[in-house]
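For reference, work.txt is printed below; it contains compact mmCIF, C-alpha atoms.
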```txt
# COMPACT_ATOMS: atom_id res chain seq x y z
CA MET A 1 -126.88 45.41 30.09
CA PRO A 2 -123.96 47.79 30.77
CA LEU A 3 -124.35 51.35 29.49
CA ALA A 4 -121.69 54.06 29.25
CA VAL A 5 -122.17 57.70 28.24
CA VAL A 6 -119.37 59.97 26.97
CA LYS A 7 -119.83 63.67 26.15
CA SER A 8 -118.64 64.99 22.80
CA GLY A 9 -119.70 67.66 20.28
CA ALA A 10 -120.64 68.22 16.65
CA LEU A 11 -119.53 71.16 14.53
CA GLN A 12 -122.39 73.30 13.22
CA GLY A 13 -120.89 76.03 11.05
CA VAL A 14 -118.21 77.61 13.26
CA SER A 15 -119.67 76.58 16.62
CA ALA A 16 -120.19 73.23 18.34
CA THR A 17 -123.35 71.63 19.71
CA PRO A 18 -123.47 68.92 22.42
CA VAL A 19 -123.47 65.25 21.43
CA GLU A 20 -123.68 62.31 23.84
CA VAL A 21 -122.04 59.03 22.78
CA GLU A 22 -124.09 56.22 24.36
CA VAL A 23 -122.62 52.71 24.28
CA ASN A 24 -124.75 49.70 25.25
CA THR A 25 -123.23 46.18 25.29
CA GLY A 26 -124.36 42.67 26.20
CA GLU A 27 -127.33 42.69 23.85
CA SER A 28 -128.59 39.45 22.32
CA GLY A 29 -128.04 38.95 18.61
CA GLU A 30 -125.19 38.81 16.14
CA PRO A 31 -121.91 39.99 17.76
CA ARG A 32 -121.25 43.29 16.00
CA MET A 33 -121.19 47.04 16.60
CA VAL A 34 -124.18 49.04 15.36
CA LEU A 35 -123.78 52.81 14.99
CA VAL A 36 -126.90 55.02 14.92
CA GLY A 37 -127.62 58.75 15.19
CA LEU A 38 -127.36 60.11 11.60
CA PRO A 39 -123.64 59.29 11.07
CA ASP A 40 -121.97 59.97 7.72
CA ALA A 41 -119.60 57.52 6.00
CA ALA A 42 -116.54 58.70 7.97
CA VAL A 43 -118.37 58.19 11.28
CA LYS A 44 -119.64 54.73 10.24
CA GLU A 45 -116.07 53.65 9.48
CA SER A 46 -115.13 54.38 13.10
CA ASN A 47 -116.32 50.86 14.04
CA ASP A 48 -113.29 49.32 12.34
CA ARG A 49 -110.85 51.98 13.52
CA VAL A 50 -112.05 51.74 17.13
CA ALA A 51 -111.95 47.92 17.19
CA SER A 52 -108.33 47.86 15.97
CA ALA A 53 -107.30 50.69 18.30
CA ILE A 54 -108.79 48.93 21.35
CA ALA A 55 -107.12 45.61 20.45
CA ASN A 56 -103.73 47.26 19.86
CA SER A 57 -104.02 49.16 23.15
CA GLY A 58 -104.36 46.00 25.23
CA GLY A 59 -108.16 46.03 25.48
CA ARG A 60 -110.74 43.59 24.20
CA VAL A 61 -113.46 44.18 21.65
CA PRO A 62 -116.97 43.21 22.86
CA GLN A 63 -118.11 39.80 21.62
CA THR A 64 -121.82 40.69 21.89
CA ARG A 65 -124.08 42.99 19.94
CA THR A 66 -123.13 46.57 20.86
CA THR A 67 -125.25 49.61 20.01
CA ILE A 68 -123.57 53.02 19.79
CA ASN A 69 -125.94 56.00 19.67
CA LEU A 70 -124.84 59.54 18.84
CA ALA A 71 -127.53 61.67 20.46
CA PRO A 72 -129.44 63.77 19.57
CA GLY A 73 -130.44 61.69 16.60
CA ASP A 74 -131.75 64.58 14.47
CA ILE A 75 -128.32 66.23 14.00
CA ARG A 76 -126.13 64.85 11.23
CA LYS A 77 -122.66 63.80 12.46
CA GLU A 78 -119.62 63.89 10.18
CA GLY A 79 -115.90 63.19 10.40
CA PRO A 80 -113.77 60.91 12.58
CA MET A 81 -113.91 63.10 15.71
CA TYR A 82 -116.03 60.61 17.68
CA ASP A 83 -113.49 57.74 17.58
CA LEU A 84 -111.93 58.45 20.98
CA ALA A 85 -115.29 58.97 22.70
CA ILE A 86 -116.67 55.74 21.23
CA ALA A 87 -113.58 53.77 22.28
CA LEU A 88 -113.72 55.08 25.86
CA GLY A 89 -117.44 54.34 25.96
CA ILE A 90 -116.83 50.74 24.89
CA LEU A 91 -114.09 50.30 27.50
CA GLY A 92 -116.44 51.65 30.17
CA ALA A 93 -119.46 49.61 29.09
CA THR A 94 -117.47 46.35 28.96
CA GLY A 95 -115.95 46.79 32.43
CA GLN A 96 -112.42 47.51 31.18
CA MET A 97 -112.28 50.75 33.15
CA LEU A 98 -112.31 51.18 36.91
CA PRO A 99 -116.02 51.64 37.81
CA GLN A 100 -115.33 54.32 40.40
CA ARG A 101 -113.58 56.43 37.77
CA GLU A 102 -116.16 56.18 34.97
CA GLY A 103 -117.99 59.17 36.40
CA ILE A 104 -115.09 61.43 35.45
CA LEU A 105 -116.09 60.95 31.82
CA ARG A 106 -119.23 62.98 32.49
CA ASP A 107 -117.06 65.94 33.51
CA PHE A 108 -115.02 66.07 30.29
CA LEU A 109 -115.85 66.60 26.62
CA VAL A 110 -113.93 64.08 24.50
CA ALA A 111 -112.98 64.23 20.81
CA GLY A 112 -110.25 62.75 18.62
CA GLU A 113 -109.58 60.45 15.68
CA LEU A 114 -107.98 57.08 16.35
CA ALA A 115 -105.28 55.38 14.29
CA LEU A 116 -105.35 51.58 14.11
CA SER A 117 -102.40 51.54 16.53
CA GLY A 118 -104.37 53.47 19.17
CA GLU A 119 -102.63 56.77 18.47
CA VAL A 120 -104.89 59.84 18.76
CA ARG A 121 -104.91 62.13 15.73
CA PRO A 122 -106.06 65.78 15.62
CA VAL A 123 -109.53 66.86 14.47
CA ARG A 124 -111.19 70.04 13.25
CA GLY A 125 -112.82 72.42 15.72
CA GLY A 126 -110.67 72.19 18.85
CA LEU A 127 -111.51 75.76 19.94
CA PRO A 128 -115.31 75.55 19.31
CA LEU A 129 -115.38 72.27 21.27
CA ALA A 130 -113.54 73.88 24.19
CA ILE A 131 -115.93 76.87 24.14
CA LEU A 132 -118.86 74.41 24.18
CA ALA A 133 -117.40 72.59 27.20
CA ARG A 134 -116.86 75.88 29.05
CA ASP A 135 -120.37 77.17 28.30
CA SER A 136 -121.88 73.79 29.31
CA GLY A 137 -120.25 73.97 32.74
CA LEU A 138 -118.00 70.96 32.18
CA ARG A 139 -114.70 70.53 33.98
CA GLY A 140 -112.65 70.36 30.79
CA VAL A 141 -111.82 68.65 27.50
CA ILE A 142 -109.74 65.62 26.50
CA LEU A 143 -108.34 66.30 23.04
CA PRO A 144 -105.45 65.28 20.77
CA GLU A 145 -102.13 66.97 21.49
CA LYS A 146 -102.24 69.18 18.37
CA ASN A 147 -105.67 70.56 19.35
CA ALA A 148 -104.69 71.39 22.93
CA LYS A 149 -103.05 74.79 22.43
CA GLU A 150 -105.95 76.30 20.50
CA ALA A 151 -108.49 74.73 22.90
CA ALA A 152 -106.69 76.35 25.85
CA LEU A 153 -107.51 79.78 24.37
CA ALA A 154 -111.13 79.32 25.50
CA GLY A 155 -110.08 79.72 29.14
CA GLY A 156 -111.99 78.70 32.25
CA ILE A 157 -111.66 74.91 31.72
CA GLU A 158 -109.03 72.20 31.99
CA VAL A 159 -107.41 71.06 28.74
CA ARG A 160 -105.86 67.58 28.82
CA ALA A 161 -103.87 66.50 25.76
CA VAL A 162 -103.59 62.77 24.98
CA LYS A 163 -101.35 60.96 22.50
CA THR A 164 -102.88 57.47 22.66
CA LEU A 165 -106.09 55.70 23.67
CA ASP A 166 -104.24 53.90 26.47
CA GLU A 167 -103.04 57.26 27.84
CA ALA A 168 -106.61 58.58 27.86
CA ARG A 169 -107.83 55.49 29.74
CA ALA A 170 -104.96 55.73 32.24
CA PHE A 171 -105.83 59.39 32.95
CA ILE A 172 -109.51 58.62 33.50
CA GLU A 173 -108.59 55.73 35.83
CA GLY A 174 -106.22 57.99 37.78
CA ARG A 175 -103.11 55.92 36.96
CA ILE A 176 -101.36 58.92 35.37
CA GLU A 177 -101.77 62.69 35.61
CA LEU A 178 -101.86 64.72 32.42
CA PRO A 179 -100.76 68.37 32.70
CA ASN A 180 -103.43 71.04 32.33
CA ILE A 181 -102.46 73.04 29.22
CA PRO A 182 -102.35 76.77 30.16
CA SER A 183 -103.93 79.38 27.91
CA PRO A 184 -101.42 81.10 25.58
CA LEU A 185 -103.20 84.34 26.56
CA SER A 186 -102.80 83.83 30.32
CA GLY A 187 -99.97 86.40 30.33
CA GLY A 188 -102.05 88.96 28.43
CA LEU A 189 -102.52 89.72 24.76
CA PRO A 190 -99.66 88.76 22.42
CA GLU A 191 -97.22 91.32 21.11
CA GLU A 192 -97.73 93.11 17.80
CA PRO A 193 -98.04 90.47 15.07
CA ASP A 194 -95.45 89.95 12.37
CA TYR A 195 -97.11 89.82 8.95
CA GLY A 196 -93.85 89.41 7.06
CA VAL A 197 -94.68 92.54 5.04
CA ASP A 198 -95.33 96.17 5.97
CA PHE A 199 -97.36 98.99 4.43
CA ALA A 200 -94.40 101.28 5.14
CA GLU A 201 -92.49 99.44 2.41
CA VAL A 202 -94.71 101.01 -0.27
CA LYS A 203 -92.76 103.82 -1.99
CA GLY A 204 -94.49 106.43 -4.09
CA GLN A 205 -98.15 105.81 -5.02
CA ALA A 206 -99.19 108.69 -2.75
CA ALA A 207 -102.77 108.83 -4.04
CA LEU A 208 -103.30 105.07 -3.65
CA ARG A 209 -101.73 105.00 -0.20
CA ARG A 210 -103.97 107.86 0.92
CA ALA A 211 -107.07 106.10 -0.48
CA VAL A 212 -106.17 102.87 1.34
CA GLU A 213 -105.57 104.70 4.62
CA VAL A 214 -108.97 106.42 4.37
CA SER A 215 -110.67 103.10 3.53
CA VAL A 216 -109.11 101.32 6.52
CA ALA A 217 -109.87 104.20 8.90
CA GLY A 218 -113.49 104.37 7.80
CA GLY A 219 -114.11 100.64 7.35
CA HIS A 220 -114.80 101.04 3.62
CA ASN A 221 -114.23 98.69 0.70
CA ILE A 222 -111.89 99.72 -2.11
CA LEU A 223 -111.44 99.01 -5.83
CA MET A 224 -108.02 99.58 -7.40
CA ILE A 225 -107.83 100.02 -11.19
CA GLY A 226 -104.49 100.07 -12.96
CA PRO A 227 -102.27 98.31 -15.49
CA PRO A 228 -100.27 95.15 -14.64
CA GLY A 229 -97.22 95.89 -12.51
CA SER A 230 -98.58 99.08 -10.98
CA GLY A 231 -98.54 97.58 -7.48
CA LYS A 232 -102.21 96.70 -6.81
CA SER A 233 -101.54 93.25 -5.34
CA MET A 234 -98.45 94.46 -3.49
CA VAL A 235 -100.45 97.17 -1.73
CA ALA A 236 -103.40 94.85 -1.01
CA LYS A 237 -101.20 92.29 0.79
CA ARG A 238 -99.96 95.02 3.13
CA ILE A 239 -103.37 96.44 4.11
CA PRO A 240 -103.77 94.19 7.22
CA THR A 241 -100.57 95.71 8.66
CA ILE A 242 -102.25 99.14 9.10
CA MET A 243 -105.54 97.78 10.46
CA PRO A 244 -106.06 97.99 14.25
CA GLU A 245 -104.92 94.90 16.13
CA PRO A 246 -107.88 92.58 16.83
CA SER A 247 -109.42 92.61 20.27
CA LEU A 248 -109.44 89.40 22.30
CA ALA A 249 -113.07 88.73 21.31
CA GLU A 250 -112.27 89.27 17.62
CA TYR A 251 -109.18 87.08 17.89
CA LEU A 252 -111.12 84.18 19.39
CA GLN A 253 -113.83 84.51 16.73
CA ILE A 254 -111.19 84.51 13.96
CA LEU A 255 -109.58 81.39 15.44
CA ALA A 256 -112.94 79.64 15.94
CA ILE A 257 -113.72 80.07 12.23
CA HIS A 258 -110.26 78.83 11.17
CA SER A 259 -110.47 75.98 13.68
CA ALA A 260 -113.80 74.80 12.21
CA ALA A 261 -112.09 74.78 8.81
CA GLY A 262 -109.18 72.71 10.19
CA MET A 263 -106.62 75.48 9.63
CA THR A 264 -105.33 75.96 13.19
CA LEU A 265 -103.53 72.63 13.58
CA ASN A 266 -100.34 74.45 12.54
CA GLU A 267 -99.18 76.69 15.41
CA ASP A 268 -98.30 79.43 12.90
CA ALA A 269 -102.05 79.96 12.47
CA LEU A 270 -102.38 81.05 16.12
CA HIS A 271 -100.55 84.34 15.59
CA PHE A 272 -102.44 87.41 16.82
CA ARG A 273 -103.21 88.96 13.42
CA ARG A 274 -105.99 89.73 11.01
CA PRO A 275 -106.60 87.28 8.15
CA PHE A 276 -105.86 88.00 4.49
CA ARG A 277 -107.62 85.79 1.95
CA SER A 278 -107.05 85.94 -1.80
CA PRO A 279 -109.22 83.37 -3.65
CA HIS A 280 -108.53 82.60 -7.33
CA HIS A 281 -111.05 83.95 -9.83
CA THR A 282 -112.10 80.38 -10.75
CA ILE A 283 -113.59 79.81 -7.27
CA SER A 284 -117.19 78.57 -7.08
CA ASP A 285 -119.96 80.34 -5.19
CA ALA A 286 -119.96 77.50 -2.62
CA GLY A 287 -116.20 77.87 -2.13
CA LEU A 288 -116.60 81.59 -1.51
CA LEU A 289 -119.79 81.46 0.54
CA GLY A 290 -119.25 78.15 2.35
CA GLY A 291 -120.97 74.84 1.87
CA GLY A 292 -121.05 71.11 2.39
CA VAL A 293 -123.78 68.77 3.65
CA ILE A 294 -123.19 70.38 7.04
CA PRO A 295 -122.24 73.94 5.93
CA GLY A 296 -118.76 75.07 6.87
CA PRO A 297 -116.93 78.39 6.42
CA GLY A 298 -115.97 79.62 2.95
CA GLU A 299 -113.43 82.24 1.92
CA ILE A 300 -115.59 85.19 3.00
CA SER A 301 -115.88 83.79 6.53
CA LEU A 302 -112.18 82.93 6.67
CA ALA A 303 -111.59 86.63 5.91
CA HIS A 304 -113.80 87.70 8.86
CA SER A 305 -112.29 90.73 10.66
CA GLY A 306 -109.64 90.93 7.95
CA VAL A 307 -109.22 91.47 4.21
CA LEU A 308 -110.81 89.62 1.28
CA PHE A 309 -108.73 90.43 -1.82
CA MET A 310 -110.31 89.72 -5.20
CA ASP A 311 -107.70 90.19 -7.91
CA GLU A 312 -108.84 90.43 -11.55
CA LEU A 313 -112.38 91.25 -10.40
CA PRO A 314 -114.05 91.05 -13.87
CA GLU A 315 -112.81 87.45 -14.24
CA PHE A 316 -114.97 86.22 -11.34
CA LYS A 317 -118.25 84.59 -12.34
CA ARG A 318 -121.38 86.70 -12.00
CA GLY A 319 -122.93 84.23 -9.53
CA VAL A 320 -119.85 84.45 -7.32
CA LEU A 321 -120.05 88.25 -7.21
CA GLU A 322 -123.79 88.13 -6.46
CA VAL A 323 -123.29 86.06 -3.27
CA LEU A 324 -121.21 88.91 -1.82
CA ARG A 325 -124.32 91.08 -1.46
CA GLN A 326 -125.58 89.77 1.90
CA PRO A 327 -122.24 89.51 3.73
CA ILE A 328 -121.18 93.00 2.62
CA GLU A 329 -124.46 94.46 3.90
CA ASP A 330 -124.98 92.33 7.04
CA GLY A 331 -121.48 91.19 8.05
CA GLU A 332 -122.64 87.57 8.13
CA VAL A 333 -123.79 84.88 5.74
CA THR A 334 -126.72 82.49 6.13
CA ILE A 335 -126.48 79.11 4.39
CA SER A 336 -129.50 76.80 4.09
CA ARG A 337 -129.03 73.10 3.47
CA SER A 338 -131.07 69.96 4.08
CA ALA A 339 -129.15 69.50 7.35
CA GLY A 340 -130.31 72.90 8.58
CA LYS A 341 -129.64 76.63 8.39
CA ILE A 342 -126.31 78.02 9.56
CA THR A 343 -125.28 81.66 10.09
CA ILE A 344 -121.53 82.32 9.93
CA PRO A 345 -119.77 85.67 10.64
CA ALA A 346 -118.38 87.34 7.50
CA ALA A 347 -117.51 90.97 8.28
CA PHE A 348 -114.52 91.75 6.08
CA MET A 349 -112.93 94.60 4.14
CA LEU A 350 -113.32 93.90 0.42
CA VAL A 351 -110.29 94.92 -1.62
CA ALA A 352 -110.67 94.40 -5.38
CA ALA A 353 -108.27 95.03 -8.24
CA MET A 354 -108.73 95.07 -12.01
CA ASN A 355 -107.12 96.27 -15.21
CA PRO A 356 -108.67 99.26 -17.02
CA CYS A 357 -109.43 97.17 -20.12
CA PRO A 358 -109.09 93.56 -21.37
CA CYS A 359 -105.67 94.22 -22.90
CA GLY A 360 -104.42 95.28 -19.47
CA TYR A 361 -103.33 98.77 -20.47
```

Show me the file's structure as structure tokens.
Amino acid sequence: MPLAVVKSGALQGVSATPVEVEVNTGESGEPRMVLVGLPDAAVKESNDRVASAIANSGGRVPQTRTTINLAPGDIRKEGPMYDLAIALGILGATGQMLPQREGILRDFLVAGELALSGEVRPVRGGLPLAILARDSGLRGVILPEKNAKEAALAGGIEVRAVKTLDEARAFIEGRIELPNIPSPLSGGLPEEPDYGVDFAEVKGQAALRRAVEVSVAGGHNILMIGPPGSGKSMVAKRIPTIMPEPSLAEYLQILAIHSAAGMTLNEDALHFRRPFRSPHHTISDAGLLGGGVIPGPGEISLAHSGVLFMDELPEFKRGVLEVLRQPIEDGEVTISRSAGKITIPAAFMLVAAMNPCPCGY
């Protein structure tokens, strides 16, 4: 019975862990695809997406029982990121790919969501997946086009961007050559970032400006108390502009966190700058801390190496304020769920603002 193995990865917090997609065809029994390996609902639905994508890309869907295993089986898999790997595994296991080229699949980590037409759509975690491939000694990654630029930041591996399933198969078979996406940092660190605002625009408020400058220089948190319209929010939004520019290591860690949250698919998110997060006071403790069946980053992690601004501090729920204790002390947050325990970086500068009394004045 033909067996094909394709390398992929699963997001665990803000990093990725190896996953092997094993496809076995030609089994006796009812002709259908069986997916195992702790998949969630989105992963289970990949059977229908993959079958349509293969048919619309000129391939044929196996007419025998086919077992697809996402190994290791004790890690919960979520999201549609395994579609492309499953489809390529089916094409390899059913002999629809040149046998002498199937081995190239073992050199690349593959991820991507498939449309019914065979188009490849972007997924969360392009940069963590590329870092996993580099650290695992793989040759490179095959990812959707919109994930390629952030993945190239990892450096040291090949990044091949594909638009369709047929294009991915043609590259593996050697019928076409996809360009290797160069790292945006290959020419050195980017120029000074443009935040759109500047601390130099603040006029007056000498005492507040001095307090903010001391807080930034010393890595302290700050609480601003004043009536509405006194400029608390205006000053807070400009604090990242006087913070030191992030180092390359900090920049990659910031992007890895945002990539795991699916926020780097817009190229504007790749600018070399420190984050500024301002959650509304109605946010839940899970929204601030991070959560989900497989825990992902919350607002405090998205503010890592930047500023977390909490306006109207007394309006936040007590439980929300209590969860800030560990990250403020340790610079990281540990989340325990049934799927496991995840530690996510959360070293931020806390900037809070409030009115002196309920009336505001």

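Atom CA of Glu299 of chain A to atom CA of Pro279 of chain A spans 7.1 Å [interatomic distance, one decimal].
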
inquiry  = I'd like the contact shell of Val162 of chain A - 6 Å cut-off, only C-alpha atoms, skipping same-chain residues fewer than 2 positions apart - returned as an MDAnalysis selection string.
reply    = chainID A and resid 144:145 164 168

Hey, can you pull every residue with an atom no more than 10 Å from (-124.3, 38.6, 19.8), using only C-alpha atoms, and send it as a PDB file with C-alpha atoms, keeping the file's coordinate frame?
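Written file, part-v6.pdb:
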```pdb
ATOM      1  CA  THR A  25    -123.230  46.180  25.290  1.00  0.00           C
ATOM      2  CA  GLY A  26    -124.360  42.670  26.200  1.00  0.00           C
ATOM      3  CA  GLU A  27    -127.330  42.690  23.850  1.00  0.00           C
ATOM      4  CA  SER A  28    -128.590  39.450  22.320  1.00  0.00           C
ATOM      5  CA  GLY A  29    -128.040  38.950  18.610  1.00  0.00           C
ATOM      6  CA  GLU A  30    -125.190  38.810  16.140  1.00  0.00           C
ATOM      7  CA  PRO A  31    -121.910  39.990  17.760  1.00  0.00           C
ATOM      8  CA  ARG A  32    -121.250  43.290  16.000  1.00  0.00           C
ATOM      9  CA  MET A  33    -121.190  47.040  16.600  1.00  0.00           C
ATOM     10  CA  PRO A  62    -116.970  43.210  22.860  1.00  0.00           C
ATOM     11  CA  GLN A  63    -118.110  39.800  21.620  1.00  0.00           C
ATOM     12  CA  THR A  64    -121.820  40.690  21.890  1.00  0.00           C
ATOM     13  CA  ARG A  65    -124.080  42.990  19.940  1.00  0.00           C
ATOM     14  CA  THR A  66    -123.130  46.570  20.860  1.00  0.00           C
TER      15      THR A  66
END
```

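Near Leu289 of chain A, within 7 Å and counting all atoms listed in the file, sit A:Gly298, A:Glu299, A:Ile300, A:Val323, not including residues fewer than 6 positions from it in the same chain.
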
Distance criterion (only C-alpha atoms): nearest to Gly79 of chain A out of A:Pro18, A:Gly112, A:Gly92, A:Pro2 = A:Gly112

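Take atom CA of Met243 of chain A and atom CA of Arg273 of chain A: the distance between them is 9.6 Å.
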
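Across the model, the gap from atom CA of Tyr82 of chain A to atom CA of Ala133 of chain A is 15.4 Å.
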
note = Using only C-alpha atoms, the shortest atom-to-atom distance to Phe276 of chain A among A:Val159, A:Leu129, A:Ile254, A:Leu138 belongs to A:Ile254

Excluding same-chain residues fewer than 6 positions from segment 169-177 of chain A, what lies within 12 Å of it counting all atoms listed in the file, as a short mmCIF file (atom, residue, chain, number, x, y, z; two decimals) with C-alpha atoms, in the coordinates of the input?
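File written: out.cif
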```
data_model
loop_
_atom_site.label_atom_id
_atom_site.label_comp_id
_atom_site.auth_asym_id
_atom_site.auth_seq_id
_atom_site.Cartn_x
_atom_site.Cartn_y
_atom_site.Cartn_z
CA VAL A 6 -119.37 59.97 26.97
CA ILE A 54 -108.79 48.93 21.35
CA SER A 57 -104.02 49.16 23.15
CA GLY A 58 -104.36 46.00 25.23
CA GLY A 59 -108.16 46.03 25.48
CA LEU A 84 -111.93 58.45 20.98
CA ALA A 85 -115.29 58.97 22.70
CA ALA A 87 -113.58 53.77 22.28
CA LEU A 88 -113.72 55.08 25.86
CA GLY A 89 -117.44 54.34 25.96
CA ILE A 90 -116.83 50.74 24.89
CA LEU A 91 -114.09 50.30 27.50
CA GLY A 92 -116.44 51.65 30.17
CA GLN A 96 -112.42 47.51 31.18
CA MET A 97 -112.28 50.75 33.15
CA LEU A 98 -112.31 51.18 36.91
CA PRO A 99 -116.02 51.64 37.81
CA GLN A 100 -115.33 54.32 40.40
CA ARG A 101 -113.58 56.43 37.77
CA GLU A 102 -116.16 56.18 34.97
CA GLY A 103 -117.99 59.17 36.40
CA ILE A 104 -115.09 61.43 35.45
CA LEU A 105 -116.09 60.95 31.82
CA ARG A 106 -119.23 62.98 32.49
CA ASP A 107 -117.06 65.94 33.51
CA PHE A 108 -115.02 66.07 30.29
CA VAL A 110 -113.93 64.08 24.50
CA GLY A 118 -104.37 53.47 19.17
CA VAL A 141 -111.82 68.65 27.50
CA ILE A 142 -109.74 65.62 26.50
CA ARG A 160 -105.86 67.58 28.82
CA ALA A 161 -103.87 66.50 25.76
CA VAL A 162 -103.59 62.77 24.98
CA LYS A 163 -101.35 60.96 22.50
#
```

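Minimum distance to Leu132 of chain A across A:Arg76, A:His280, A:Arg337, A:Lys7 (counting all atoms listed in the file) occurs at A:Lys7.
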
inquiry  = Just want the 12 Å neighbourhood of Ala217 of chain A, counted on only C-alpha atoms, with same-chain residues fewer than 4 positions away dropped. Output as a PyMOL selection string.
reply    = chain A and resi 210-213+221+239-240+242-244+349

key: Distance query Ala148 of chain A at most 12 Å, all atoms listed in the file, self and fewer than 6 positions along chain excluded, as an NGL selection string   = :A and (110-112 or 121-130 or 140-142 or 154-155 or 157-163 or 178-184 or 259 or 264-267)

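Of the residues listed (A:Arg209, A:Arg134, A:His304, A:Lys237), A:Arg134 shows the shortest atom-to-atom separation from Leu109 of chain A; distances use all atoms listed in the file.
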
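Residue nearest Gln253 of chain A within the list A:Ala4, A:Ile131, A:Val50, A:Ala10: A:Ile131 [criterion: smallest interatomic distance, only C-alpha atoms].
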
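Proximity of A:Asp330, A:Asp311, A:Glu201, A:Asp194 to Arg274 of chain A, computed with only C-alpha atoms, is greatest for A:Asp194.
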